Amino acid sequence: MKVVLRRVKQTPLDFLVKANEITFKGYLQYHAGKLILLKAKLEGPLLKSCDICAEEFKLSLDEDVEFYISDGVYEDEANIELDVVESINGEVEIEELLNSEVELIRSDYHSCESCKSSVN
Ligand SMILES: [Zn+2]
C-alpha cells in the first residue's frame with residue numbers, strides 16, 4: 001500500500017497491511033510542518049532464532065508503534081528527540097515500514113521459552 005504524503009490530512013488515514021502472518025494496523029495523520037504521524041499496532045507470530053540455543057521459535061508480537069514520517073529531509077533541530085523516518089520521494093510504502101519494524105524487533109535480543117525457563 002503506497003501513500004502519497006501530501007494527501008495525508010488531519011483526518012486519520014487508516015491502513016491495514018499483512019506480511020506473512022503479521023498484521024500492521026493503524027493510521028497516518030498530518031502532524032505539523034512536513035511531519036506525518038504514524039500510529040499502529042504490530043501483531044502476529046514472528047519466526048526467529050533464539051539468541052541462546054539458535055533454535056527457531058515463534059515470538060508473539062504485540063507492539064505499539066509510533067513515529068513520524070517526514071515529507072523530505074527532516075531538519076527541525078528543535079524537535080530532534082522525535083523519532084522520524086524521512087521520505088525523499090514524498091511517498092511511503094506501508095509494507096516497507098512494516099518490514100523495517102519487523103527487522104528491528106528481529107535484531108533485538110530474544111530467547112525461546114525453554115531457554116527463558118532454564119535461566120529462571
Ligand atoms: Zn533457546
# chains A, B, ... in the order shown; residues from 1 in each chain; ligands from 1

$ residues_near_ligand --ligand "ligand 1" --cutoff "7 Å" --atoms "only C-alpha atoms and all ligand atoms" --output "list of chain:residue names"
A:Cys50, A:Asp51, A:Ile52, A:Cys53, A:Ala54, A:Glu55, A:Ser111, A:Cys112, A:Glu113, A:Ser114, A:Cys115

$ select_by_dssp --residues "chain A" --states "strand (DSSP E or B)" --output "JSON, numbers by chain"
{"A": [2, 3, 4, 13, 14, 15, 16, 17, 18, 19, 22, 23, 24, 25, 26, 27, 28, 29, 30, 31, 32, 35, 36, 37, 38, 39, 40, 41, 42, 43, 44, 45, 46, 47, 48, 49, 56, 57, 58, 59, 60, 61, 62, 63, 64, 65, 66, 67, 68, 69, 70, 71, 72, 84, 85, 86, 87, 91, 92, 93]}

$ residues_around --residues "Val3 (chain A)" --least-positions-apart "4" --cutoff "10 Å" --atoms "only C-alpha atoms" --output "ChimeraX atom specification"
/A:7-8,13,15,28,90-94

$ atom_distance --atom1 "CA of Val65 (chain A)" --atom2 "CA of Ser117 (chain A)"
28.3 Å

$ residues_around --residues "Asn20 (chain A)" --least-positions-apart "2" --cutoff "12 Å" --atoms "only C-alpha atoms" --output "number ranges by chain"
A: 17-18, 22-24, 43-47, 95, 98-99, 102

$ write_last_selection --atoms "all heavy atoms" --output "tab-separated table (two decimals), in the first residue's frame"
chain	number	residue	atom	x	y	z
A	17	VAL	N	-2.03	-3.65	6.69
A	17	VAL	CA	-1.25	-4.48	5.78
A	17	VAL	C	-0.81	-5.74	6.52
A	17	VAL	O	-0.72	-5.76	7.74
A	17	VAL	CB	-0.02	-3.75	5.17
A	17	VAL	CG1	-0.41	-2.62	4.26
A	17	VAL	CG2	0.92	-3.26	6.25
A	18	LYS	N	-0.58	-6.77	5.74
A	18	LYS	CA	-0.14	-8.03	6.32
A	18	LYS	C	1.10	-8.53	5.61
A	18	LYS	O	1.22	-8.39	4.39
A	18	LYS	CB	-1.25	-9.09	6.15
A	18	LYS	CG	-2.38	-8.89	7.09
A	18	LYS	CD	-3.33	-10.07	7.05
A	18	LYS	CE	-4.46	-9.85	8.03
A	18	LYS	NZ	-5.23	-11.06	8.28
A	22	ILE	N	1.81	-11.57	10.05
A	22	ILE	CA	1.91	-10.37	10.89
A	22	ILE	C	0.99	-9.28	10.34
A	22	ILE	O	1.01	-9.00	9.14
A	22	ILE	CB	3.36	-9.88	10.96
A	22	ILE	CG1	4.23	-10.97	11.60
A	22	ILE	CG2	3.47	-8.58	11.73
A	22	ILE	CD1	5.70	-10.69	11.54
A	23	THR	N	0.20	-8.69	11.21
A	23	THR	CA	-0.64	-7.57	10.77
A	23	THR	C	-0.09	-6.26	11.32
A	23	THR	O	0.42	-6.20	12.43
A	23	THR	CB	-2.10	-7.69	11.26
A	23	THR	OG1	-2.11	-8.11	12.60
A	23	THR	CG2	-2.92	-8.59	10.42
A	24	PHE	N	-0.22	-5.25	10.50
A	24	PHE	CA	0.23	-3.91	10.85
A	24	PHE	C	-0.97	-3.02	10.58
A	24	PHE	O	-1.36	-2.80	9.44
A	24	PHE	CB	1.40	-3.55	9.95
A	24	PHE	CG	2.15	-2.29	10.32
A	24	PHE	CD1	2.50	-2.02	11.62
A	24	PHE	CD2	2.55	-1.41	9.33
A	24	PHE	CE1	3.22	-0.87	11.94
A	24	PHE	CE2	3.28	-0.27	9.64
A	24	PHE	CZ	3.61	-0.01	10.95
A	43	GLU	N	1.00	-6.99	15.21
A	43	GLU	CA	0.59	-8.21	15.90
A	43	GLU	C	0.81	-9.43	15.03
A	43	GLU	O	0.61	-9.39	13.82
A	43	GLU	CB	-0.91	-8.14	16.23
A	43	GLU	CG	-1.22	-7.28	17.42
A	43	GLU	CD	-2.72	-7.24	17.71
A	43	GLU	OE1	-3.50	-7.03	16.76
A	43	GLU	OE2	-3.10	-7.45	18.86
A	44	GLY	N	1.15	-10.52	15.70
A	44	GLY	CA	1.26	-11.78	14.98
A	44	GLY	C	2.49	-12.54	15.38
A	44	GLY	O	3.32	-12.06	16.14
A	45	PRO	N	2.61	-13.75	14.87
A	45	PRO	CA	3.76	-14.58	15.20
A	45	PRO	C	4.94	-14.29	14.28
A	45	PRO	O	4.80	-14.22	13.07
A	45	PRO	CB	3.24	-16.00	14.98
A	45	PRO	CG	2.16	-15.85	13.96
A	45	PRO	CD	1.62	-14.46	14.03
A	46	LEU	N	6.10	-14.11	14.88
A	46	LEU	CA	7.32	-13.89	14.10
A	46	LEU	C	8.27	-15.05	14.39
A	46	LEU	O	8.58	-15.34	15.53
A	46	LEU	CB	7.97	-12.57	14.52
A	46	LEU	CG	9.36	-12.27	13.94
A	46	LEU	CD1	9.28	-12.01	12.45
A	46	LEU	CD2	9.98	-11.07	14.63
A	47	LEU	N	8.72	-15.69	13.31
A	47	LEU	CA	9.66	-16.79	13.46
A	47	LEU	C	11.06	-16.21	13.61
A	47	LEU	O	11.51	-15.42	12.78
A	47	LEU	CB	9.58	-17.67	12.21
A	47	LEU	CG	9.84	-19.15	12.39
A	47	LEU	CD1	8.94	-19.76	13.45
A	47	LEU	CD2	9.66	-19.86	11.06
A	95	GLU	N	4.15	-1.42	3.51
A	95	GLU	CA	4.81	-2.73	3.65
A	95	GLU	C	6.29	-2.57	4.02
A	95	GLU	O	6.83	-3.36	4.78
A	95	GLU	CB	4.70	-3.53	2.35
A	95	GLU	CG	3.32	-4.11	2.08
A	95	GLU	CD	2.34	-3.12	1.47
A	95	GLU	OE1	2.69	-1.92	1.32
A	95	GLU	OE2	1.22	-3.53	1.15
A	98	LEU	N	6.51	-1.70	7.62
A	98	LEU	CA	6.27	-2.93	8.37
A	98	LEU	C	7.53	-3.78	8.40
A	98	LEU	O	7.96	-4.24	9.46
A	98	LEU	CB	5.09	-3.69	7.74
A	98	LEU	CG	4.88	-5.14	8.20
A	98	LEU	CD1	4.67	-5.25	9.69
A	98	LEU	CD2	3.68	-5.75	7.48
A	99	ASN	N	8.15	-3.96	7.24
A	99	ASN	CA	9.36	-4.79	7.18
A	99	ASN	C	10.47	-4.23	8.04
A	99	ASN	O	11.16	-4.98	8.73
A	99	ASN	CB	9.86	-4.92	5.74
A	99	ASN	CG	8.97	-5.84	4.93
A	99	ASN	OD1	8.26	-6.68	5.50
A	99	ASN	ND2	8.98	-5.68	3.63
A	102	VAL	N	9.71	-4.95	11.66
A	102	VAL	CA	9.92	-6.37	11.95
A	102	VAL	C	11.42	-6.65	12.07
A	102	VAL	O	11.85	-7.37	12.98
A	102	VAL	CB	9.25	-7.26	10.87
A	102	VAL	CG1	9.70	-8.70	10.98
A	102	VAL	CG2	7.73	-7.17	10.99

$ select_by_dssp --residues "region 71-103 of chain A" --states "alpha helix (DSSP H)" --output "ChimeraX atom specification"
/A:94-103

$ residues_around --residues "Pro12 (chain A)" --least-positions-apart "4" --cutoff "10 Å" --atoms "only C-alpha atoms" --output "list of chain:residue names"
A:Val8, A:Gly26, A:Tyr27, A:Leu28, A:Gln29, A:Tyr30, A:Leu37, A:Leu38, A:Lys39

$ closest_residue --among "A:Val85, A:Ile105, A:Val73, A:Leu59" --to "Glu21 (chain A)" --atoms "only C-alpha atoms"
A:Leu59

$ decode --residues "region 38-57 of chain A" --atoms "N, CA, C and O atoms" --output "short mmCIF file (atom, residue, chain, number, x, y, z; two decimals), in the first residue's frame"
data_model
loop_
_atom_site.label_atom_id
_atom_site.label_comp_id
_atom_site.auth_asym_id
_atom_site.auth_seq_id
_atom_site.Cartn_x
_atom_site.Cartn_y
_atom_site.Cartn_z
N LEU A 38 2.60 8.43 12.37
CA LEU A 38 2.14 7.06 12.12
C LEU A 38 1.97 6.40 13.47
O LEU A 38 2.88 6.40 14.30
N LYS A 39 0.77 5.85 13.69
CA LYS A 39 0.48 5.11 14.91
C LYS A 39 -0.11 3.78 14.50
O LYS A 39 -1.05 3.74 13.70
N ALA A 40 0.43 2.71 15.01
CA ALA A 40 -0.06 1.42 14.58
C ALA A 40 0.24 0.34 15.61
O ALA A 40 1.01 0.54 16.54
N LYS A 41 -0.39 -0.78 15.39
CA LYS A 41 -0.18 -1.94 16.24
C LYS A 41 0.36 -3.06 15.35
O LYS A 41 -0.16 -3.28 14.25
N LEU A 42 1.40 -3.70 15.85
CA LEU A 42 2.03 -4.80 15.12
C LEU A 42 1.69 -6.08 15.88
O LEU A 42 2.03 -6.21 17.05
N GLU A 43 1.00 -6.99 15.21
CA GLU A 43 0.59 -8.21 15.90
C GLU A 43 0.81 -9.43 15.03
O GLU A 43 0.61 -9.39 13.82
N GLY A 44 1.15 -10.52 15.70
CA GLY A 44 1.26 -11.78 14.98
C GLY A 44 2.49 -12.54 15.38
O GLY A 44 3.32 -12.06 16.14
N PRO A 45 2.61 -13.75 14.87
CA PRO A 45 3.76 -14.58 15.20
C PRO A 45 4.94 -14.29 14.28
O PRO A 45 4.80 -14.22 13.07
N LEU A 46 6.10 -14.11 14.88
CA LEU A 46 7.32 -13.89 14.10
C LEU A 46 8.27 -15.05 14.39
O LEU A 46 8.58 -15.34 15.53
N LEU A 47 8.72 -15.69 13.31
CA LEU A 47 9.66 -16.79 13.46
C LEU A 47 11.06 -16.21 13.61
O LEU A 47 11.51 -15.42 12.78
N LYS A 48 11.74 -16.60 14.66
CA LYS A 48 13.04 -16.03 14.96
C LYS A 48 13.91 -17.11 15.57
O LYS A 48 13.40 -18.00 16.24
N SER A 49 15.24 -17.01 15.38
CA SER A 49 16.09 -17.98 16.08
C SER A 49 16.46 -17.43 17.45
O SER A 49 16.74 -16.24 17.61
N CYS A 50 16.47 -18.33 18.39
CA CYS A 50 16.76 -18.00 19.79
C CYS A 50 18.20 -17.51 19.89
O CYS A 50 19.11 -18.09 19.29
N ASP A 51 18.43 -16.46 20.66
CA ASP A 51 19.78 -15.92 20.80
C ASP A 51 20.66 -16.75 21.73
O ASP A 51 21.84 -16.48 21.87
N ILE A 52 20.07 -17.75 22.37
CA ILE A 52 20.89 -18.62 23.23
C ILE A 52 21.16 -19.96 22.54
O ILE A 52 22.30 -20.34 22.34
N CYS A 53 20.09 -20.66 22.14
CA CYS A 53 20.29 -22.01 21.60
C CYS A 53 20.18 -22.06 20.08
O CYS A 53 20.41 -23.11 19.48
N ALA A 54 19.82 -20.96 19.43
CA ALA A 54 19.71 -20.86 17.97
C ALA A 54 18.56 -21.65 17.36
O ALA A 54 18.41 -21.71 16.14
N GLU A 55 17.71 -22.25 18.20
CA GLU A 55 16.51 -22.92 17.70
C GLU A 55 15.50 -21.87 17.24
O GLU A 55 15.39 -20.81 17.85
N GLU A 56 14.75 -22.20 16.18
CA GLU A 56 13.71 -21.27 15.75
C GLU A 56 12.51 -21.38 16.67
O GLU A 56 12.15 -22.46 17.11
N PHE A 57 11.91 -20.27 16.96
CA PHE A 57 10.70 -20.28 17.76
C PHE A 57 9.82 -19.13 17.32
O PHE A 57 10.25 -18.24 16.58
#
